$ cat work-v4.txt   # compact mmCIF, C-alpha atoms
# COMPACT_ATOMS: atom_id res chain seq x y z
CA MET A 222 45.84 -31.04 -68.80
CA ARG A 223 46.62 -27.56 -67.65
CA TRP A 224 43.05 -26.44 -66.99
CA MET A 225 42.55 -29.32 -64.62
CA ARG A 226 45.23 -27.96 -62.41
CA ALA A 227 42.05 -26.44 -61.22
CA ALA A 228 42.18 -29.44 -59.12
CA GLY A 229 45.01 -27.54 -57.82
CA ARG A 230 48.40 -26.71 -59.39
CA ALA A 231 47.39 -25.06 -62.69
CA LEU A 232 44.73 -27.44 -63.41
CA LEU A 233 46.85 -30.37 -62.75
CA VAL A 234 44.47 -33.23 -62.61
CA VAL A 235 45.78 -36.15 -60.79
CA ALA A 236 43.45 -38.68 -62.40
CA VAL A 237 43.67 -41.66 -60.15
CA VAL A 238 42.51 -44.98 -61.40
CA LEU A 239 42.22 -47.90 -59.07
CA ALA A 240 40.04 -50.95 -59.12
CA GLY A 241 36.40 -50.17 -59.81
CA TYR A 242 33.39 -52.43 -59.50
CA ALA A 243 29.60 -52.26 -59.50
CA GLY A 244 29.55 -53.82 -56.05
CA LEU A 245 31.51 -51.03 -54.38
CA GLY A 246 28.35 -50.07 -52.56
CA VAL A 247 29.25 -52.92 -50.20
CA ARG A 248 31.46 -51.86 -47.32
CA PRO A 249 34.79 -53.61 -47.75
CA ASP A 250 35.02 -54.29 -44.01
CA ALA A 251 31.59 -55.92 -43.85
CA GLY A 252 32.23 -59.47 -44.92
CA THR A 253 33.35 -58.74 -48.47
CA ALA A 254 34.82 -61.76 -50.26
CA SER A 255 38.61 -61.93 -50.38
CA ALA A 256 38.39 -61.73 -54.18
CA ALA A 257 37.37 -58.09 -53.75
CA ARG A 258 40.87 -57.33 -52.48
CA GLY A 259 44.08 -57.22 -54.42
CA PRO A 260 46.44 -55.04 -56.47
CA LEU A 261 45.20 -51.74 -57.87
CA THR A 262 46.00 -49.46 -60.77
CA LEU A 263 46.12 -45.73 -60.20
CA VAL A 264 46.05 -43.65 -63.37
CA THR A 265 47.06 -40.01 -63.37
CA ALA A 266 47.16 -37.30 -66.01
CA GLY A 267 50.62 -36.28 -64.95
CA ASP A 268 51.74 -35.69 -61.37
CA LEU A 269 53.56 -32.45 -62.03
CA THR A 270 54.58 -31.99 -58.41
CA ASP A 271 55.74 -35.58 -57.80
CA TYR A 272 53.86 -35.80 -54.52
CA LEU A 273 51.80 -38.90 -55.34
CA GLY A 274 54.73 -41.31 -55.33
CA PRO A 275 55.53 -40.91 -51.61
CA LEU A 276 51.83 -41.22 -50.71
CA LEU A 277 51.57 -44.47 -52.63
CA ASP A 278 54.89 -45.72 -51.24
CA ASP A 279 53.40 -45.48 -47.75
CA TRP A 280 50.29 -47.38 -48.87
CA ASN A 281 52.32 -50.07 -50.64
CA GLU A 282 54.60 -50.59 -47.66
CA SER A 283 51.68 -51.17 -45.33
CA ARG A 284 49.60 -53.22 -47.82
CA PRO A 285 51.93 -55.24 -50.03
CA ASP A 286 49.08 -57.51 -51.16
CA GLU A 287 47.10 -54.49 -52.38
CA ARG A 288 49.95 -52.71 -54.09
CA VAL A 289 49.06 -49.68 -56.22
CA THR A 290 50.61 -49.24 -59.65
CA LEU A 291 50.70 -45.66 -60.92
CA VAL A 292 49.95 -45.08 -64.61
CA GLU A 293 50.26 -41.51 -65.92
CA LEU A 294 48.21 -40.32 -68.90
CA PRO A 295 49.15 -37.31 -71.09
CA ASP A 296 49.14 -33.85 -69.51
CA SER A 297 46.01 -32.83 -71.38
CA ALA A 298 42.44 -32.84 -70.09
CA ASP A 299 40.92 -33.86 -73.41
CA GLU A 300 43.44 -36.65 -73.97
CA THR A 301 43.07 -37.95 -70.43
CA ARG A 302 39.30 -38.06 -70.71
CA ALA A 303 39.48 -39.70 -74.14
CA GLN A 304 41.84 -42.44 -72.95
CA MET A 305 39.78 -43.12 -69.86
CA ILE A 306 36.59 -43.38 -71.87
CA SER A 307 38.22 -45.60 -74.48
CA GLU A 308 39.27 -48.07 -71.78
CA LEU A 309 35.92 -47.94 -69.99
CA ARG A 310 33.95 -48.50 -73.20
CA SER A 311 36.14 -51.47 -74.10
CA GLY A 312 34.92 -53.43 -71.10
CA ARG A 313 38.48 -54.14 -69.98
CA ASP A 314 39.40 -53.94 -66.32
CA ARG A 315 42.75 -52.19 -66.71
CA PHE A 316 41.60 -49.14 -64.76
CA ASP A 317 40.33 -49.47 -61.24
CA VAL A 318 39.76 -46.09 -59.54
CA LEU A 319 39.44 -42.96 -61.63
CA ASN A 320 40.34 -39.56 -60.32
CA ILE A 321 38.05 -37.65 -62.64
CA ASP A 322 37.46 -33.96 -63.05
CA VAL A 323 34.44 -32.89 -61.02
CA ALA A 324 32.57 -32.02 -64.21
CA TRP A 325 32.80 -35.58 -65.51
CA THR A 326 31.04 -37.32 -62.63
CA SER A 327 27.55 -37.08 -64.13
CA GLU A 328 28.67 -38.24 -67.56
CA PHE A 329 30.61 -41.24 -66.23
CA ALA A 330 27.82 -42.20 -63.82
CA ALA A 331 25.08 -41.99 -66.46
CA ALA A 332 27.14 -44.18 -68.79
CA GLY A 333 27.55 -46.85 -66.12
CA TRP A 334 31.35 -46.57 -66.10
CA ILE A 335 31.64 -45.89 -62.38
CA ALA A 336 29.96 -47.62 -59.46
CA PRO A 337 27.68 -46.00 -56.88
CA LEU A 338 29.18 -45.73 -53.40
CA GLU A 339 27.74 -45.99 -49.91
CA ARG A 340 27.67 -42.57 -48.30
CA ASP A 341 28.42 -43.85 -44.82
CA ARG A 342 31.64 -45.48 -46.02
CA PHE A 343 33.31 -42.04 -46.19
CA PRO A 344 33.32 -39.07 -43.74
CA LEU A 345 31.53 -36.68 -46.08
CA ASP A 346 30.44 -34.44 -43.19
CA ALA A 347 34.11 -33.53 -42.68
CA PHE A 348 34.42 -32.18 -46.22
CA LEU A 349 33.67 -28.68 -47.44
CA ARG A 350 29.94 -28.82 -48.13
CA PRO A 351 29.77 -27.84 -51.83
CA VAL A 352 32.43 -30.33 -52.94
CA VAL A 353 30.24 -33.31 -52.04
CA ASP A 354 27.61 -32.16 -54.52
CA THR A 355 30.11 -32.53 -57.37
CA ALA A 356 30.41 -36.24 -56.56
CA THR A 357 26.69 -37.01 -56.87
CA PHE A 358 24.39 -37.75 -59.78
CA ASP A 359 20.66 -38.43 -59.76
CA GLY A 360 20.62 -38.38 -55.96
CA ARG A 361 23.38 -40.98 -55.50
CA LEU A 362 27.05 -40.79 -54.53
CA TYR A 363 29.28 -41.94 -57.40
CA ALA A 364 32.64 -40.59 -56.26
CA VAL A 365 34.47 -39.10 -53.29
CA PRO A 366 35.94 -35.58 -53.47
CA TYR A 367 39.73 -35.66 -53.54
CA VAL A 368 40.89 -32.11 -54.24
CA THR A 369 38.87 -28.97 -54.75
CA ASN A 370 39.38 -25.55 -56.28
CA ALA A 371 37.66 -22.23 -56.72
CA GLY A 372 38.52 -19.16 -58.73
CA LEU A 373 40.13 -16.17 -57.06
CA LEU A 374 40.70 -12.58 -58.17
CA TYR A 375 44.39 -11.72 -58.03
CA TYR A 376 45.20 -8.02 -57.95
CA ARG A 377 48.22 -5.75 -57.81
CA LYS A 378 48.10 -4.53 -54.24
CA ASP A 379 50.93 -2.05 -54.78
CA VAL A 380 49.11 -0.40 -57.68
CA LEU A 381 45.76 -0.16 -55.88
CA ASP A 382 47.49 1.18 -52.75
CA LEU A 383 49.07 3.97 -54.80
CA ALA A 384 45.61 4.87 -56.09
CA GLY A 385 44.11 4.70 -52.59
CA GLU A 386 41.72 1.96 -53.69
CA GLN A 387 40.53 -1.35 -52.25
CA PRO A 388 40.17 -4.50 -54.41
CA PRO A 389 36.83 -4.57 -56.23
CA ARG A 390 33.75 -6.32 -54.85
CA THR A 391 31.52 -5.65 -57.85
CA TRP A 392 31.91 -5.72 -61.63
CA SER A 393 31.41 -2.00 -61.90
CA GLU A 394 34.30 -1.37 -59.49
CA LEU A 395 36.51 -3.85 -61.35
CA ALA A 396 35.68 -2.29 -64.72
CA ARG A 397 36.35 1.24 -63.46
CA GLN A 398 39.69 0.33 -61.91
CA ALA A 399 40.76 -1.79 -64.87
CA ARG A 400 39.80 0.95 -67.30
CA THR A 401 41.30 3.93 -65.43
CA ILE A 402 44.08 2.73 -63.11
CA ALA A 403 45.72 0.02 -65.21
CA PRO A 404 46.70 2.30 -68.15
CA ARG A 405 48.49 4.74 -65.83
CA HIS A 406 50.92 1.95 -64.96
CA GLY A 407 51.22 0.44 -68.42
CA LEU A 408 49.13 -2.60 -67.43
CA ASP A 409 46.32 -4.52 -69.07
CA GLY A 410 43.18 -4.40 -66.98
CA TYR A 411 41.71 -7.85 -66.53
CA ALA A 412 42.18 -11.38 -67.82
CA GLY A 413 40.79 -14.83 -67.24
CA GLN A 414 40.88 -17.98 -69.32
CA PHE A 415 39.22 -16.92 -72.54
CA LEU A 416 40.55 -19.31 -75.17
CA PRO A 417 37.71 -21.61 -76.30
CA TYR A 418 38.39 -24.69 -74.13
CA GLU A 419 37.18 -25.86 -70.72
CA GLY A 420 38.57 -22.74 -69.08
CA LEU A 421 36.20 -20.55 -71.07
CA THR A 422 33.28 -22.74 -69.96
CA VAL A 423 34.34 -22.03 -66.38
CA ASN A 424 34.67 -18.27 -66.93
CA VAL A 425 31.30 -18.00 -68.70
CA THR A 426 29.56 -20.12 -66.05
CA GLU A 427 31.01 -17.94 -63.30
CA ALA A 428 29.84 -14.78 -65.04
CA VAL A 429 26.32 -16.16 -65.48
CA HIS A 430 26.00 -17.28 -61.85
CA SER A 431 27.62 -14.08 -60.55
CA ALA A 432 24.75 -12.17 -62.15
CA GLY A 433 22.10 -14.44 -60.64
CA GLY A 434 21.62 -16.74 -63.62
CA SER A 435 22.21 -20.42 -64.28
CA ILE A 436 22.68 -22.70 -67.29
CA LEU A 437 21.01 -26.04 -66.52
CA ARG A 438 18.90 -27.38 -63.68
CA ASP A 439 20.88 -29.67 -61.36
CA ASP A 440 19.71 -32.87 -63.05
CA GLY A 441 20.66 -31.50 -66.49
CA ALA A 442 17.15 -32.09 -67.82
CA ARG A 443 15.94 -28.50 -68.02
CA VAL A 444 17.63 -25.51 -69.66
CA THR A 445 17.61 -22.38 -67.49
CA VAL A 446 20.03 -20.14 -69.38
CA ASP A 447 17.39 -17.88 -70.97
CA SER A 448 17.47 -15.28 -68.20
CA ASP A 449 18.47 -11.71 -67.44
CA GLY A 450 21.31 -13.05 -65.32
CA ALA A 451 22.83 -14.99 -68.21
CA ARG A 452 22.57 -11.96 -70.50
CA ALA A 453 24.17 -9.73 -67.86
CA GLY A 454 27.04 -12.19 -67.35
CA LEU A 455 27.86 -12.33 -71.05
CA ARG A 456 27.51 -8.55 -71.31
CA PHE A 457 30.15 -8.10 -68.58
CA LEU A 458 32.63 -10.10 -70.65
CA ALA A 459 31.71 -8.42 -73.93
CA ASP A 460 31.94 -4.93 -72.40
CA GLY A 461 35.44 -5.68 -71.17
CA VAL A 462 36.61 -6.38 -74.70
CA ARG A 463 34.66 -3.51 -76.27
CA GLU A 464 35.91 -0.98 -73.71
CA GLY A 465 39.49 -2.28 -73.83
CA TRP A 466 40.02 -3.37 -70.22
CA ILE A 467 40.09 -6.96 -71.47
CA SER A 468 42.80 -7.04 -74.11
CA ARG A 469 42.46 -8.93 -77.39
CA GLU A 470 45.56 -10.85 -76.37
CA ALA A 471 43.68 -12.22 -73.37
CA LEU A 472 41.23 -13.96 -75.70
CA GLY A 473 44.00 -16.50 -76.32
CA TYR A 474 44.80 -17.14 -72.65
CA LYS A 475 44.55 -20.44 -70.83
CA GLU A 476 45.61 -20.86 -67.19
CA GLU A 477 49.33 -20.69 -67.75
CA GLU A 478 49.32 -17.83 -70.28
CA SER A 479 47.19 -15.72 -67.94
CA ARG A 480 49.31 -16.68 -64.94
CA ARG A 481 52.49 -15.63 -66.73
CA ALA A 482 50.94 -12.31 -67.77
CA PHE A 483 50.14 -11.51 -64.13
CA GLN A 484 53.38 -12.90 -62.73
CA ASP A 485 55.44 -10.93 -65.26
CA GLY A 486 53.78 -7.71 -64.09
CA ARG A 487 51.56 -7.08 -67.12
CA LEU A 488 48.10 -7.30 -65.51
CA LEU A 489 46.19 -5.40 -62.85
CA PHE A 490 43.58 -8.14 -62.27
CA LEU A 491 43.53 -11.86 -62.98
CA ARG A 492 40.92 -14.53 -62.45
CA ASN A 493 42.69 -17.85 -61.85
CA TRP A 494 43.04 -20.82 -59.49
CA PRO A 495 44.88 -20.92 -56.13
CA TYR A 496 48.06 -22.46 -57.54
CA VAL A 497 48.94 -19.01 -58.90
CA TYR A 498 49.49 -17.70 -55.36
CA ALA A 499 52.61 -19.79 -54.79
CA ASP A 500 54.01 -19.19 -58.27
CA ALA A 501 53.42 -15.43 -58.22
CA GLY A 502 54.98 -15.15 -54.77
CA ALA A 503 58.07 -17.20 -55.57
CA PRO A 504 61.57 -15.72 -55.92
CA GLY A 505 62.06 -14.28 -59.38
CA SER A 506 58.43 -13.29 -59.81
CA ALA A 507 57.98 -9.65 -60.84
CA VAL A 508 55.01 -9.32 -58.46
CA ALA A 509 56.34 -11.21 -55.40
CA GLY A 510 55.17 -9.37 -52.29
CA ARG A 511 53.11 -6.94 -54.38
CA PHE A 512 49.80 -8.75 -54.95
CA GLY A 513 46.78 -10.07 -53.10
CA ALA A 514 43.84 -12.38 -53.72
CA VAL A 515 40.14 -11.94 -52.93
CA PRO A 516 36.91 -13.70 -53.88
CA LEU A 517 35.57 -12.99 -57.35
CA PRO A 518 33.38 -9.89 -57.68
CA GLY A 519 29.86 -10.11 -59.07
CA ALA A 520 27.15 -7.96 -60.60
CA VAL A 521 26.06 -6.27 -57.37
CA GLY A 522 28.32 -7.81 -54.75
CA PRO A 523 30.51 -10.87 -54.22
CA GLY A 524 30.48 -13.16 -57.21
CA THR A 525 30.24 -16.91 -57.59
CA SER A 526 33.11 -19.20 -58.51
CA VAL A 527 32.83 -22.49 -60.31
CA LEU A 528 34.15 -25.46 -58.39
CA GLY A 529 37.23 -27.10 -59.81
CA GLY A 530 38.99 -30.16 -58.55
CA SER A 531 38.76 -33.89 -58.96
CA ASN A 532 36.82 -36.81 -57.50
CA LEU A 533 37.89 -40.41 -56.93
CA ALA A 534 35.53 -42.92 -58.51
CA VAL A 535 35.68 -46.69 -58.82
CA SER A 536 35.35 -48.32 -62.21
CA SER A 537 32.35 -50.61 -62.51
CA ARG A 538 34.77 -53.21 -63.95
CA SER A 539 37.11 -53.30 -60.97
CA ARG A 540 38.09 -56.73 -59.69
CA HIS A 541 39.12 -55.45 -56.26
CA PRO A 542 36.43 -52.98 -55.10
CA ALA A 543 37.13 -53.42 -51.39
CA SER A 544 40.76 -52.43 -51.83
CA ALA A 545 39.69 -49.59 -54.08
CA ALA A 546 37.34 -48.23 -51.42
CA ASP A 547 40.11 -48.44 -48.83
CA LEU A 548 42.53 -46.56 -51.07
CA ILE A 549 39.99 -43.80 -51.64
CA ALA A 550 39.44 -43.58 -47.88
CA TYR A 551 43.22 -43.37 -47.41
CA LEU A 552 43.70 -40.60 -50.01
CA THR A 553 40.87 -38.56 -48.49
CA SER A 554 41.90 -39.03 -44.87
CA GLU A 555 42.86 -35.87 -42.99
CA ARG A 556 46.48 -36.93 -42.62
CA VAL A 557 46.92 -37.53 -46.35
CA GLN A 558 44.85 -34.48 -47.30
CA ARG A 559 47.31 -32.36 -45.32
CA ARG A 560 50.13 -33.80 -47.45
CA VAL A 561 48.10 -33.21 -50.61
CA LEU A 562 48.28 -29.50 -49.73
CA THR A 563 51.81 -29.29 -48.35
CA GLU A 564 53.52 -31.62 -50.83
CA GLY A 565 51.26 -31.35 -53.88
CA SER A 566 50.08 -27.73 -53.62
CA LEU A 567 46.53 -28.96 -54.20
CA PRO A 568 43.57 -27.52 -52.25
CA PRO A 569 42.23 -30.23 -49.89
CA VAL A 570 38.57 -31.16 -49.39
CA ARG A 571 38.79 -31.47 -45.59
CA ALA A 572 37.18 -28.41 -44.00
CA ALA A 573 39.28 -28.42 -40.82
CA LEU A 574 42.52 -27.89 -42.74
CA TYR A 575 41.35 -24.43 -43.87
CA GLU A 576 41.26 -23.27 -40.26
CA ASP A 577 44.52 -24.88 -39.12
CA PRO A 578 46.71 -21.99 -37.83
CA GLU A 579 49.96 -23.60 -39.01
CA LEU A 580 48.62 -24.15 -42.54
CA VAL A 581 47.10 -20.66 -42.72
CA ARG A 582 50.48 -19.14 -41.87
CA ALA A 583 52.11 -21.16 -44.64
CA TYR A 584 49.27 -20.66 -47.14
CA PRO A 585 47.70 -17.23 -46.45
CA TYR A 586 45.12 -17.63 -49.20
CA LEU A 587 43.34 -20.53 -47.43
CA PRO A 588 40.64 -18.43 -45.69
CA THR A 589 39.86 -16.64 -48.97
CA LEU A 590 39.78 -19.95 -50.83
CA ARG A 591 37.47 -21.45 -48.20
CA GLU A 592 35.09 -18.52 -48.62
CA SER A 593 35.14 -18.96 -52.39
CA VAL A 594 34.58 -22.72 -52.22
CA LEU A 595 31.66 -22.40 -49.81
CA SER A 596 29.86 -20.04 -52.20
CA ALA A 597 30.90 -21.86 -55.39
CA VAL A 598 28.72 -23.86 -57.78
CA PRO A 599 29.45 -26.93 -59.91
CA ARG A 600 29.63 -26.69 -63.66
CA PRO A 601 26.37 -27.72 -65.39
CA LYS A 602 25.55 -31.34 -64.59
CA SER A 603 24.69 -33.39 -67.64
CA PRO A 604 25.24 -36.91 -68.98
CA ARG A 605 26.34 -35.08 -72.13
CA TYR A 606 28.63 -32.65 -70.40
CA ASP A 607 31.17 -32.61 -73.22
CA GLN A 608 28.51 -31.28 -75.61
CA VAL A 609 27.23 -28.78 -73.05
CA SER A 610 30.75 -27.44 -72.51
CA LEU A 611 31.41 -27.09 -76.25
CA ALA A 612 28.17 -25.13 -76.68
CA VAL A 613 29.04 -22.76 -73.81
CA GLN A 614 32.56 -22.25 -75.19
CA ALA A 615 31.29 -21.44 -78.70
CA VAL A 616 28.84 -18.86 -77.41
CA GLY A 617 31.39 -17.31 -75.07
CA GLN A 618 33.93 -17.04 -77.88
CA ASP A 619 31.49 -15.32 -80.23
CA VAL A 620 30.34 -12.87 -77.56
CA MET A 621 33.89 -11.91 -76.58
CA ALA A 622 34.91 -11.60 -80.23
CA LEU A 623 31.95 -9.18 -80.55
CA ARG A 624 30.42 -11.30 -83.31
CA GLN A 625 27.19 -11.80 -81.38
CA THR A 626 25.29 -9.75 -78.81
CA PRO A 627 24.60 -11.23 -75.37
CA GLU A 628 20.92 -11.36 -76.23
CA GLU A 629 21.55 -13.28 -79.44
CA ALA A 630 24.03 -15.55 -77.72
CA VAL A 631 21.66 -16.51 -74.89
CA ALA A 632 18.88 -17.33 -77.33
CA ARG A 633 21.26 -19.46 -79.37
CA LEU A 634 22.65 -21.23 -76.30
CA ALA A 635 19.17 -21.99 -74.99
CA CYS A 636 18.30 -23.59 -78.32
CA GLU A 637 21.50 -25.65 -78.51
CA LEU A 638 21.28 -26.82 -74.91
CA GLY A 639 17.65 -27.75 -75.44
CA ALA A 640 18.70 -30.02 -78.29
CA ILE A 641 21.47 -31.57 -76.17
CA ALA A 642 19.17 -32.12 -73.20
CA GLY A 643 16.40 -33.46 -75.43
CA THR A 644 13.97 -30.67 -74.58
CA GLY A 645 14.43 -28.54 -77.70
$ encode --input "work-v4.txt" --output "structure tokens"
Amino acid sequence: MRWMRAAGRALLVVAVVLAGYAGLGVRPDAGTASAARGPLTLVTAGDLTDYLGPLLDDWNESRPDERVTLVELPDSADETRAQMISELRSGRDRFDVLNIDVAWTSEFAAAGWIAPLERDRFPLDAFLRPVVDTATFDGRLYAVPYVTNAGLLYYRKDVLDLAGEQPPRTWSELARQARTIAPRHGLDGYAGQFLPYEGLTVNVTEAVHSAGGSILRDDGARVTVDSDGARAGLRFLADGVREGWISREALGYKEEESRRAFQDGRLLFLRNWPYVYADAGAPGSAVAGRFGAVPLPGAVGPGTSVLGGSNLAVSSRSRHPASAADLIAYLTSERVQRRVLTEGSLPPVRAALYEDPELVRAYPYLPTLRESVLSAVPRPKSPRYDQVSLAVQAVGQDVMALRQTPEEAVARLACELGAIAGTG
């Protein structure tokens, strides 16, 4: 589940599953029957930083009658999603609250697997504004943001300083520096996550939006990809391969492969998630103290990141929805969100934490990450998100392998998305 460490920590996705229920729209402190309270099950796709245990220990100590059991699924996004869906389709109530990737909210809501929530039950105004949108579908709140993420551009500060250059703000600046400066130092120019999987969907979506385009309308019902912006975004990626500043090796990169390439001192520029900052700056890293991070560049100015992260949702089968709502409120409280950052290395959803002087000193990338999150966009919303993502990946792969022109690829993607959305 490496790409979901976009939820922070190399696409770690802490998929939390508690007790879900269709009646979760009822405030648990407003006369809810005692049957709505009880033990919970929290399912995770692998807590790679071991921070969740202490958080749940605190909960369990204070609420022994609503004890949370942690169940960890495989460390793979596809396997985690498949196991969650298998349980939800079965009608069993094993899973209670699901900590789902932000891109799954629409799919799970449309299928009736998660329950709508009351907005005033949670302090959404205290969250970074764009993250709340990832938790909604068809105008209703179906989840609560838990951790967020946005892509950053990592760069070799020492190399650019030697060249007397600033980090790029536009694609043309990035391409020029990657093409001319990187070879002088024996470096590859630029890499992202270009293997055909969810990471490529993210990279393609960012390129399209950074050129002023889009893929689907917010409700997923209308295809908007047939645009000059979409063609320009795909052309940026194709030109990188054709001109050599994106290496052929990078076409096989996921998060960790690209992180290692940068951390080992083999890349000038890298698009990746915030978790890379701590790893690249750790003792033993070849680039410790020699790199920086800025928002992604775009076609004519600052670019647009795709939002990563995960949302907490309650299963419509939950037997204890009041307890589930309380646990979600606990995990998204400011006190716990601070620990999510400091103990789990996951970007929090609480806006105030990004301006906390103590945290900014410890995590210098927070202001840059805040800027990126505030200008970020969700991945395409669709009840058939898995099919949408596969279509975007296939087109991105063919464009970057130079098998199809951007113009051909956009026409093909518009047709395929039309069929998926039922408009083709």
$ closest_residue --input "work-v4.txt" --among "A:Tyr575, A:Trp280, A:Tyr418, A:Trp494" --to "Asp547 of chain A" --atoms "only C-alpha atoms"
A:Trp280
$ atom_distance --input "work-v4.txt" --atom1 "atom CA of Asp299 of chain A" --atom2 "atom CA of Thr265 of chain A"
13.3 Å
$ closest_residue --input "work-v4.txt" --among "A:Ala298, A:Ala514, A:Leu416, A:Val425" --to "Gly473 of chain A" --atoms "all atoms listed in the file"
A:Leu416
$ residues_around --input "work-v4.txt" --residues "Leu373 of chain A" --least-positions-apart "2" --cutoff "9 Å" --atoms "all atoms listed in the file" --output "ChimeraX atom specification"
/A:371,375,491-495,514-517,526,589-590,593
$ atom_distance --input "work-v4.txt" --atom1 "atom CA of Leu276 of chain A" --atom2 "atom CA of Leu294 of chain A"
18.6 Å
$ closest_residue --input "work-v4.txt" --among "A:Asp286, A:Asp278, A:Asp379, A:Glu628" --to "Gly454 of chain A" --atoms "all atoms listed in the file"
A:Glu628
$ atom_distance --input "work-v4.txt" --atom1 "atom CA of Ala550 of chain A" --atom2 "atom CA of Glu328 of chain A"
23.1 Å
$ closest_residue --input "work-v4.txt" --among "A:Val581, A:Val289, A:Val598, A:Ala546" --to "Ala324 of chain A" --atoms "only C-alpha atoms"
A:Val598
$ residues_around --input "work-v4.txt" --residues "Glu419 of chain A" --least-positions-apart "2" --cutoff "12 Å" --atoms "only C-alpha atoms" --output "VMD selection string"
chain A and resid 222 to 227 232 297 to 299 322 324 to 325 414 to 417 421 to 426 474 to 476 527 529 600 606 to 615 617 to 618
$ closest_residue --input "work-v4.txt" --among "A:Ala501, A:Val368, A:Leu349, A:Ala303" --to "Ser479 of chain A" --atoms "all atoms listed in the file"
A:Ala501
